[in-house]
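Trainee: Take this structure, written in structure tokens, and hold onto it; I'll ask about it next.
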Protein chains: 2
Amino acid sequence: MDKEKLQTYLSEGKEAVDRVLKSYIPSVKCEPSLMYEAIRYSLFAGGKRLRPILCLAACDAVGGRREAALPFAAAIEMIHTYSLVHDDLPSMDNDAYRRGRLTNHKVFGEGIAILVGDALLTSAFTLIVEKGCLGSVSPKKVLAVMLELGSSSGSAGLVGGQLADLQSQGKKEMDMEKLLYIHQHKTGALIRASVRIGGMLGGAPQRRLAQLTRYGEKVGLAFQIADDLLDLEGEEKEMGKSVGQDQAKEKWTYPRLAGREQAKKEARRLVDAAVEEIKTLGPEADPLRQLANYMIERRK
Amino acid sequence: MDKEKLQTYLSEGKEAVDRVLKSYIPSVKCEPSLMYEAIRYSLFAGGKRLRPILCLAACDAVGGRREAALPFAAAIEMIHTYSLVHDDLPSMDNDAYRRGRLTNHKVFGEGIAILVGDALLTSAFTLIVEKGCLGSVSPKKVLAVMLELGSSSGSAGLVGGQLADLQSQGKKEMDMEKLLYIHQHKTGALIRASVRIGGMLGGAPQRRLAQLTRYGEKVGLAFQIADDLLDLEGEEKEMGKSVGQDQAKEKWTYPRLAGREQAKKEARRLVDAAVEEIKTLGPEADPLRQLANYMIERRK
């Protein structure tokens, strides 16, 4: 799979996910209209849909039907978006820009931004209930996959990681163990779950699922390290948000703790190891292999 | 059923719900410990568990096994608690006290209070997935009930109502139609769903469910009017939060719009009408009948 094919794969995946999201979120003509305007502002802000695409790619990789994975992929993106909206709030990371536009609370106010997050999180679950059983997915399987998503998003996953991150801000010291805990929960858990969910819906047997899980863990950490390197090195237009913010806030990152060169090496090592994990999969897993590389090579 | 029996019914219901909640939320010894400390602070703050008890009572009323309804009743309380924690935030209703204690963000800070709400909302769904199928409830039914809960809590229910309430704050004008929209969504939707969910899990046929739905709608509005009257008339120790706050914030309420006497009459009329809706149910529905009265007669 060459770079051009990967681009096609990425844009087709994004379009498929966006179709589900657009059809599920009521139009701004519905009441309360401000609610849907504010939800759509953040949900359709130009995100690359990396998590849902990883989910679809994992489903493809094990020979599954991606129609089965699509509603779950869209729900993953809703959860990701809600977490960004809440993380950007003044009492959290206090970010004014994301993807080159003002953050939700800067446009609509803090109260509404909190509600946007709450609504998106709730909708992720109702979307799965309403659309997850289409096709050949049984109610029992829908529940199992929902548990995977819920566990990775809640206090033992994403939310717990954000809390640990919040606690670490402004601290004078940080060790690698604590930093990895934050990364593995705040960003890692949902990326890992995205891959696992694609595998589960694609019908992967346990052994395959274990491989995909390890792939997801490695790619998730590589992604975070690459993101922190981009923040350190990138140009404003490339990130679409103010860069150098982590430094300005004295935020603890892998590059800050281990040094920039070591961080680059580690990201590359993780990606290679992730690809190694899925070496016994056939050519259907090529997008997953390319995506691992894309996670640390992307520029925008 | 006399008043003493109702008190026993209420305390037994609360104990049953609390047992589920306590066993599901990790102890404060688990990591991240601050997360579970902050969740437990609000979840076990002395709430009366009215919504879950309504759910159990509706299940009882149609002759169902309440064990089936219990995990869902606990999930309803989690959603209710998350909504209180978020509503109390400075950018929303900005309340410093609730149930006689400092609100979550006053103790733990805004960032953590937002995360507590996020974690509770997520846990409500995972609790249902993990515990909802115990007993004779099929996965298909679990999904149907989950949709009821999700729809009543999201942008078309509770969250949408809170948004409309937020928009109305400080407005010079308010009409009854708008006020009823806020009440029916912000508080009414979850109360209605609590009753419906109990009925669904109790195996109520469509006609019964329609009766329970109308009962829930009327009781939900009566509850809100009574709550606003308590705020207007109550003493600080009785409400456990600063009273007269609605007035101080110039918040629009039913008593403010229609007058205190008319509000009392309307609450009584709604309760009587709610009881009338379920008149063809047998003595198993007595707790539900008593609860309707309790909703407007409670003092604390």
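In the structure tokens, the first chain shown is A, the next is B, and so on; residue numbers restart at 1 for each chain, and ligands run from 1 in the order shown.
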Give the residues of chain B that lie within 7 Å of chain A; count only C-alpha atoms, and format the answer as a VMD selection string.

Mentor: chain B and resid 32 91 to 92 110 to 112 115 119 122 to 123 126 129 139 to 140 143 147 150 154 to 155 159 to 160 163

Trainee: Quick one: residues within 8 Å of Tyr215 of chain B, only C-alpha atoms, excluding same-chain residues fewer than 5 positions away - as a VMD selection string?

Mentor: chain B and resid 192 273 to 275 277 to 278

Trainee: Excluding Asp227 of chain A and residues on its chain fewer than 4 positions from it, collect all residues at most 9 Å away from it, counting only C-alpha atoms, and give them as a ChimeraX atom specification.

Mentor: /A:222-223,231-232,295-296

Trainee: Just write the chosen residues, N, CA and C atoms, as a CSV table (one decimal), in the first residue's frame.

Mentor:
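again-v1.csv, written as the output of this step:
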```
chain,number,residue,atom,x,y,z
A,222,ALA,N,2.9,5.6,20.9
A,222,ALA,CA,3.6,6.3,19.8
A,222,ALA,C,2.9,7.5,19.3
A,223,PHE,N,1.6,7.5,19.2
A,223,PHE,CA,0.8,8.6,18.8
A,223,PHE,C,1.0,9.8,19.8
A,231,ASP,N,4.1,19.3,19.0
A,231,ASP,CA,3.9,20.5,19.8
A,231,ASP,C,5.2,21.2,20.0
A,232,LEU,N,6.2,20.4,20.2
A,232,LEU,CA,7.6,21.0,20.5
A,232,LEU,C,8.2,21.6,19.2
A,295,MET,N,0.8,7.4,12.1
A,295,MET,CA,0.6,8.0,13.4
A,295,MET,C,1.7,8.9,13.9
A,296,ILE,N,3.0,8.5,13.4
A,296,ILE,CA,4.1,9.3,13.9
A,296,ILE,C,4.7,10.1,12.7
```

Trainee: Can you tell me, as a PyMOL selection string, what residues are no more than 9 Å from Lys48 of chain A when counting only C-alpha atoms, ignoring any on the same chain fewer than 4 positions away?

Mentor: chain A and resi 10-11+14+53+300

Trainee: Quick one: everything within 8 Å of Ala74 of chain A, counting only C-alpha atoms, minus sequence neighbours fewer than 5 positions away in the same chain. Send it as a PDB file with C-alpha atoms, in the first residue's frame.

Mentor:
```pdb
ATOM      1  CA  VAL A  17     -17.698   7.943   9.635  1.00  0.00           C
ATOM      2  CA  ASP A  18     -18.894  11.472   8.894  1.00  0.00           C
ATOM      3  CA  VAL A  20     -22.998   8.235  10.228  1.00  0.00           C
ATOM      4  CA  LEU A  21     -22.311  11.209  12.483  1.00  0.00           C
ATOM      5  CA  PRO A  52     -12.632   5.401  14.050  1.00  0.00           C
ATOM      6  CA  ALA A 124     -22.251   7.750  21.787  1.00  0.00           C
TER       7      ALA A 124
END
```

Trainee: From a DSSP calculation on the backbone, collect every residue of segment 21-219 of chain B in strand (DSSP E) and output the set as a ChimeraX atom specification.

Mentor: /B:97-98,101-102

Trainee: To test your reading of the structure, identify every residue in segment 132-293 of chain B that backbone DSSP assigns to helix (DSSP H, G or I), and report it as number ranges by chain.

Mentor: B: 139-153, 158-168, 176-201, 206-233, 236-239, 245-248, 254-258, 260-277, 283-293

Trainee: Tell me which of B:Gly170, B:Pro255, B:Gly64, B:Gly13 sits closest to Leu50 of chain B, counting only C-alpha atoms.

Mentor: B:Gly13

Trainee: For Glu67 of chain A, which of A:Ala38, A:Leu201, A:Val271, A:Met176 is the closest residue, counting only C-alpha atoms?

Mentor: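 With only C-alpha atoms as the atom set, the closest residue is A:Leu201.
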
Trainee: Near Glu217 of chain A, within 9 Å and counting only C-alpha atoms, which residues show up once chain neighbours fewer than 4 positions away are dropped, as a PDB file with N, CA and C atoms, in the first residue's frame?

Mentor:
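That gives us part_12.pdb:
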```
ATOM      1  N   GLN A 184      -1.147   6.266  28.901  1.00  0.00           N
ATOM      2  CA  GLN A 184      -1.865   5.012  28.638  1.00  0.00           C
ATOM      3  C   GLN A 184      -3.360   5.152  28.912  1.00  0.00           C
ATOM      4  N   GLY A 188      -4.172   6.596  25.445  1.00  0.00           N
ATOM      5  CA  GLY A 188      -3.940   5.207  25.058  1.00  0.00           C
ATOM      6  C   GLY A 188      -5.182   4.336  25.120  1.00  0.00           C
ATOM      7  N   ALA A 189      -5.974   4.503  26.179  1.00  0.00           N
ATOM      8  CA  ALA A 189      -7.101   3.589  26.399  1.00  0.00           C
ATOM      9  C   ALA A 189      -8.100   3.605  25.240  1.00  0.00           C
ATOM     10  N   ILE A 191      -7.580   4.593  22.101  1.00  0.00           N
ATOM     11  CA  ILE A 191      -6.959   4.094  20.866  1.00  0.00           C
ATOM     12  C   ILE A 191      -6.899   2.562  20.898  1.00  0.00           C
ATOM     13  N   ARG A 192      -6.477   2.025  22.032  1.00  0.00           N
ATOM     14  CA  ARG A 192      -6.461   0.572  22.224  1.00  0.00           C
ATOM     15  C   ARG A 192      -7.872   0.004  22.011  1.00  0.00           C
ATOM     16  N   LEU A 212      -3.991  -7.684  18.259  1.00  0.00           N
ATOM     17  CA  LEU A 212      -4.508  -6.341  17.964  1.00  0.00           C
ATOM     18  C   LEU A 212      -4.413  -5.440  19.195  1.00  0.00           C
ATOM     19  N   THR A 213      -4.654  -6.010  20.362  1.00  0.00           N
ATOM     20  CA  THR A 213      -4.586  -5.231  21.606  1.00  0.00           C
ATOM     21  C   THR A 213      -3.179  -4.685  21.813  1.00  0.00           C
ATOM     22  N   LEU A 221       0.662   4.804  22.358  1.00  0.00           N
ATOM     23  CA  LEU A 221       1.750   5.532  23.026  1.00  0.00           C
ATOM     24  C   LEU A 221       2.604   6.274  21.995  1.00  0.00           C
ATOM     25  N   ALA A 222       2.859   5.614  20.873  1.00  0.00           N
ATOM     26  CA  ALA A 222       3.628   6.261  19.803  1.00  0.00           C
ATOM     27  C   ALA A 222       2.936   7.542  19.350  1.00  0.00           C
ATOM     28  N   ALA A 274       4.673  -2.452  16.928  1.00  0.00           N
ATOM     29  CA  ALA A 274       3.235  -2.614  16.684  1.00  0.00           C
ATOM     30  C   ALA A 274       2.999  -3.397  15.401  1.00  0.00           C
TER      31      ALA A 274
END
```

Trainee: Using only C-alpha atoms, which protein or nucleic acid residues come within 12 Å of Lys265 of chain A? Drop anything in the same chain fewer than 4 positions from it, and give the result as a VMD selection string.

Mentor: chain A and resid 222 225 to 226 229 254 to 255 258 to 261 269 to 272 296
